[in-house]
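K.L.:
Quick one: structure below, then a few questions.
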Amino acid sequence: MSANIDKNTPAKDMTIGGNIYDAGNAREFKTGDWRSIKPKYISEKCTQCGLCFPVCPDDAIPVGKDGKRTDFNYDYCKGCGVCAKVCPFKAIEMVNEE
Amino acid sequence: MGIRERLSGNEAAAIAMKQINPDVVAAFPITPSTEIPQYFSTFVSNGSVDTEFVAVESEHSAMSACVGAEAAGSRAMTATSANGLSFMWEMIYIASSLRLPIVMSLVNRAVSGPLNIHCDHSDAMGVRDSGWIMLFSENNQEAYDNLIMAHRIAENKDVLLPLMVCQDGFITSHSIENIELIEDDKVKEFVGTYKPEHYLLNDKEPMAIGPLDVQSYLFEHKYQQAQAMRNAKKVIADIAKDFEKMTGRKYSFFEEYKMEDAEIAVVCMNSTAGTAKTVVDDLRSKGVKAGLVKVRVFRPFPTEEIANALGNLKAVAIMDKADSLNGAGGALFEDVTSAMYVNQKQVPAVSYVYGIGGRDVTSNDIHEIYEYLQNVANTGEIDNPYRYVGLRV
């Protein structure tokens, strides 16, 4: 298992080379705070056409079992704006990060 | 009893690799180390080893393949020289920081340019701070013996660092000398099987290796490497004891030649020690109390032991077969004098840069150094501590 380490962890409690003895650990690294602008989801305008989520490079648009998207997962969205660009219905608007 | 043979340094290294029978060898030919993978590939072709031989397209790839193989959980070896090592540079640091105990033969050659394929230690000195254990070898026998001990040092759980065995290009690598080989089965038993605790191909434990290591963590990981290098000292000494039990050949951090009552001494590495020993013998026959220290373990550097070995001298010269081009002394000179200063051993010390680009170092050259040391011992004066021998100024 991978140990949880933080900026107070002493060297003796860290794995050599920063090895992580666990799978799927990239999910634990929240990259959303790299963002300077963010997409705003306007659900009233959304027709669920399905064009936005396949282009998201970070898989930050959750899609339910019914095939319908919901609001953005801001833990991983880096604010690239590709989704807003492909949306034909102006249902995604890029706004400044506060 | 061992097997009496006569081999070149490169042949000796290749035979050691054959007996070790590593899982992977990835190498790219470069003078003067070319023969090592060349001989080894014949062992692969005729089935005398089980090794996967990866004929890569560059040294960067050679070290990359070794990194991948070692991380996967296998034992990986390579060989190179000079600019080949330069081309590996990036992966040299990856290997040590990912704590992969890869073993390499470094056949020392001048790093170009201008283009030169002959022996000096500029290649090794370039990677002296890269986190590799570095063992130096006076002759074919020591190159062979150091390789047989290498995996047990590198793979020790308190160490887990890559290791390079250095020998002098052409002078050692291409000279045929007598050698005593160890029987195959004894080598196999001594080296043992590689059983890493964590490895990529372990389906019971998925792992990530070499992840992003930001400001909060890299310092601690470098400290772990530094500690591993400190731990390596004891492991190197312990394994030398086991090796002595098997072969009768004794290895220390450095060899002290006629040092018991020495008043002046030279410190050097690799084949030059052979020449220097004959000079010491000659001086001794004339009543001069001369000695020699030949460094075998350069990384980790045996600071305290070196300081103690040299502490009672009246003058010491440290010979570097690479010029650090720093406006001061060579790398070995810096390490030796720093060790002495910290351990409060005040001995007049001079740096001698010699043998660059394969320039012969003769017994006359070394006599010249001892003569200067006698003068320093008598007068206590050093006109210039940053000296050369065999150079036309």
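Identifiers in this document derive from the order of the structure tokens: chains are assigned A, B, ..., residues are numbered from 1 separately in each chain, and ligands are numbered from 1 in order of occurrence.
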Do a neighbour search on Phe89 in chain A at 10 Å with only C-alpha atoms, toss out local chain neighbours closer than 2 positions, and write the hits as a count of residues only.

P.N.:
10

K.L.:
Any idea what's packed within 10 Å of Asp13 in chain A, counting only C-alpha atoms, ignoring anything in its chain fewer than 2 positions away? Could you give it as JSON, numbers by chain?

P.N.:
{"A": [3, 4, 5, 9, 10, 11, 15, 16], "B": [220]}

K.L.:
Residues of the last selection are to be written out with C-alpha atoms, as a compact mmCIF listing (two decimals), in the first residue's frame.

P.N.:
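Contents of again.txt, as written:
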```
# COMPACT_ATOMS: atom_id res chain seq x y z
CA ALA A 3 1.66 5.59 2.58
CA ASN A 4 0.14 9.02 2.88
CA ILE A 5 2.99 11.49 3.03
CA THR A 9 6.88 13.35 6.77
CA PRO A 10 10.47 12.53 7.78
CA ALA A 11 12.80 10.82 5.27
CA THR A 15 9.70 5.10 0.28
CA ILE A 16 12.96 5.07 -1.68
CA GLU B 220 14.36 13.72 1.63
```

K.L.:
Which residue is closest to Glu368 in chain B? Choose from B:Gly291, B:Gly390, B:Gly355, B:Gly2 and count only C-alpha atoms.

P.N.:
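Among B:Gly291, B:Gly390, B:Gly355, B:Gly2, it is B:Gly390 that comes nearest to Glu368 in chain B.
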
K.L.:
Determine which residues of chain B sit within 12 Å of chain A, taking into account only C-alpha atoms, and present them as JSON, numbers by chain.

P.N.:
{"B": [71, 93, 94, 95, 96, 97, 98, 99, 100, 157, 158, 159, 160, 161, 197, 198, 199, 200, 202, 203, 204, 205, 206, 207, 208, 209, 210, 211, 212, 213, 214, 215, 216, 217, 218, 219, 220, 221, 222, 223, 224, 225, 226, 227, 228]}

K.L.:
For the residues in the current selection, export C-alpha atoms as an mmCIF file, in the first residue's frame.

P.N.:
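Done, and the output landed in again_33.cif:
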```cif
data_model
loop_
_atom_site.group_PDB
_atom_site.id
_atom_site.type_symbol
_atom_site.label_atom_id
_atom_site.label_comp_id
_atom_site.auth_asym_id
_atom_site.auth_seq_id
_atom_site.Cartn_x
_atom_site.Cartn_y
_atom_site.Cartn_z
ATOM 1 C CA ALA B 71 12.898 -1.763 -12.383
ATOM 2 C CA TYR B 93 20.992 9.953 -12.486
ATOM 3 C CA ILE B 94 17.666 8.212 -13.107
ATOM 4 C CA ALA B 95 19.272 4.846 -12.295
ATOM 5 C CA SER B 96 20.676 6.013 -8.966
ATOM 6 C CA SER B 97 17.685 8.106 -7.894
ATOM 7 C CA LEU B 98 15.254 5.283 -8.649
ATOM 8 C CA ARG B 99 17.585 3.117 -6.546
ATOM 9 C CA LEU B 100 18.228 0.531 -9.237
ATOM 10 C CA LYS B 157 18.780 -3.620 0.977
ATOM 11 C CA ASP B 158 20.676 -0.954 2.931
ATOM 12 C CA VAL B 159 22.313 0.236 -0.297
ATOM 13 C CA LEU B 160 20.251 -0.242 -3.493
ATOM 14 C CA LEU B 161 22.500 1.937 -5.612
ATOM 15 C CA GLU B 197 11.524 -6.568 -2.582
ATOM 16 C CA HIS B 198 9.555 -4.361 -4.977
ATOM 17 C CA TYR B 199 9.527 -4.643 -8.765
ATOM 18 C CA LEU B 200 7.269 -3.623 -11.629
ATOM 19 C CA ASN B 202 5.108 -8.232 -9.520
ATOM 20 C CA ASP B 203 1.402 -8.718 -10.224
ATOM 21 C CA LYS B 204 0.720 -9.040 -6.481
ATOM 22 C CA GLU B 205 1.808 -5.460 -5.904
ATOM 23 C CA PRO B 206 1.226 -2.868 -8.606
ATOM 24 C CA MET B 207 3.647 0.013 -8.170
ATOM 25 C CA ALA B 208 4.593 3.370 -9.609
ATOM 26 C CA ILE B 209 8.283 4.187 -9.998
ATOM 27 C CA GLY B 210 9.798 7.620 -10.565
ATOM 28 C CA PRO B 211 6.716 9.752 -9.847
ATOM 29 C CA LEU B 212 6.642 13.546 -9.659
ATOM 30 C CA ASP B 213 8.676 14.581 -6.615
ATOM 31 C CA VAL B 214 7.958 18.196 -5.732
ATOM 32 C CA GLN B 215 9.531 20.663 -3.273
ATOM 33 C CA SER B 216 8.221 18.808 -0.241
ATOM 34 C CA TYR B 217 9.910 15.497 -1.070
ATOM 35 C CA LEU B 218 12.994 15.543 -3.322
ATOM 36 C CA PHE B 219 15.314 16.730 -0.531
ATOM 37 C CA GLU B 220 14.362 13.719 1.626
ATOM 38 C CA HIS B 221 14.803 11.316 -1.282
ATOM 39 C CA LYS B 222 18.275 12.717 -1.979
ATOM 40 C CA TYR B 223 19.087 12.321 1.722
ATOM 41 C CA GLN B 224 18.028 8.678 1.476
ATOM 42 C CA GLN B 225 20.485 8.259 -1.429
ATOM 43 C CA ALA B 226 23.234 9.920 0.600
ATOM 44 C CA GLN B 227 22.495 7.619 3.534
ATOM 45 C CA ALA B 228 22.532 4.587 1.225
#
```

K.L.:
Please report, as a VMD selection string, each residue of range 104-307 of chain B to which DSSP assigns strand (DSSP E) when run on this structure's backbone.

P.N.:
chain B and resid 104 to 108 133 to 136 163 to 168 177 to 181 254 to 257 264 to 268 290 to 295 297 to 299

K.L.:
Give me, as a tab-separated table, the closest atom pair and its distance (Å, one decimal) for every residue of range 95-134 of chain B within a cut-off of 12 Å of range 325-328 of chain B, counting only C-alpha atoms, rows sorted by chain and rising number.

P.N.:
```
residue	atom	partner	partner_atom	distance
B:Ser122	CA	B:Leu325	CA	10.6
B:Met125	CA	B:Leu325	CA	11.7
B:Gly126	CA	B:Leu325	CA	11.7
```

K.L.:
Can you measure CA of Arg249 in chain B to CA of Phe40 in chain B for me? One decimal in Å is fine.

P.N.:
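Separation between CA of Arg249 in chain B and CA of Phe40 in chain B: 25.5 Å.
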
K.L.:
Do you have the CA of Asn378 in chain B-CA of Leu313 in chain B distance handy?

P.N.:
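Pair CA of Asn378 in chain B / CA of Leu313 in chain B returns 12.0 Å.
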
K.L.:
So which one's closest to Glu57 in chain B, B:Lys345, B:Pro29, B:Val127, B:Thr362? Using only C-alpha atoms, please.

P.N.:
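Looking only at the distances to Glu57 in chain B, the closest residue turns out to be B:Pro29.
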
K.L.:
When DSSP is applied to the backbone of this structure, which of chain A are assigned alpha helix (DSSP H)? Write them out as a ChimeraX atom specification.

P.N.:
/A:82-86

K.L.:
Choose the residue, out of A:Ile37, A:Val82, A:Cys77, A:Val55, that has the smallest atom-to-atom separation from Met94 in chain A; count only C-alpha atoms.

P.N.:
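Checking each of A:Ile37, A:Val82, A:Cys77, A:Val55 against Met94 in chain A, counting only C-alpha atoms, the winner is A:Ile37.
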
K.L.:
Skipping near chain neighbours, those fewer than 2 positions away, what residues fall within 9 Å of range 58-64 of chain A using only C-alpha atoms, listed as a PDB file with C-alpha atoms, in the first residue's frame?

P.N.:
```pdb
ATOM      1  CA  CYS A  52     -18.311  17.901 -24.932  1.00  0.00           C
ATOM      2  CA  PHE A  53     -17.248  14.977 -22.767  1.00  0.00           C
ATOM      3  CA  PRO A  54     -15.308  12.982 -25.410  1.00  0.00           C
ATOM      4  CA  VAL A  55     -12.987  15.961 -26.015  1.00  0.00           C
ATOM      5  CA  CYS A  56     -12.155  16.613 -22.361  1.00  0.00           C
ATOM      6  CA  ASP A  66     -28.041   7.187 -18.652  1.00  0.00           C
ATOM      7  CA  GLY A  67     -25.445   8.818 -20.926  1.00  0.00           C
ATOM      8  CA  LYS A  68     -26.200  12.285 -19.605  1.00  0.00           C
ATOM      9  CA  ARG A  69     -23.496  14.631 -18.401  1.00  0.00           C
ATOM     10  CA  THR A  70     -23.618  16.459 -15.093  1.00  0.00           C
ATOM     11  CA  ASP A  71     -21.648  19.406 -13.695  1.00  0.00           C
ATOM     12  CA  PHE A  72     -17.842  19.585 -14.056  1.00  0.00           C
ATOM     13  CA  ASN A  73     -15.449  17.754 -11.769  1.00  0.00           C
ATOM     14  CA  TYR A  74     -13.288  20.717 -10.762  1.00  0.00           C
ATOM     15  CA  ASP A  75     -10.749  18.485  -8.958  1.00  0.00           C
ATOM     16  CA  TYR A  76      -9.228  17.670 -12.341  1.00  0.00           C
ATOM     17  CA  CYS A  77     -10.528  20.279 -14.845  1.00  0.00           C
ATOM     18  CA  LYS A  78      -7.570  22.440 -15.883  1.00  0.00           C
TER      19      LYS A  78
END
```
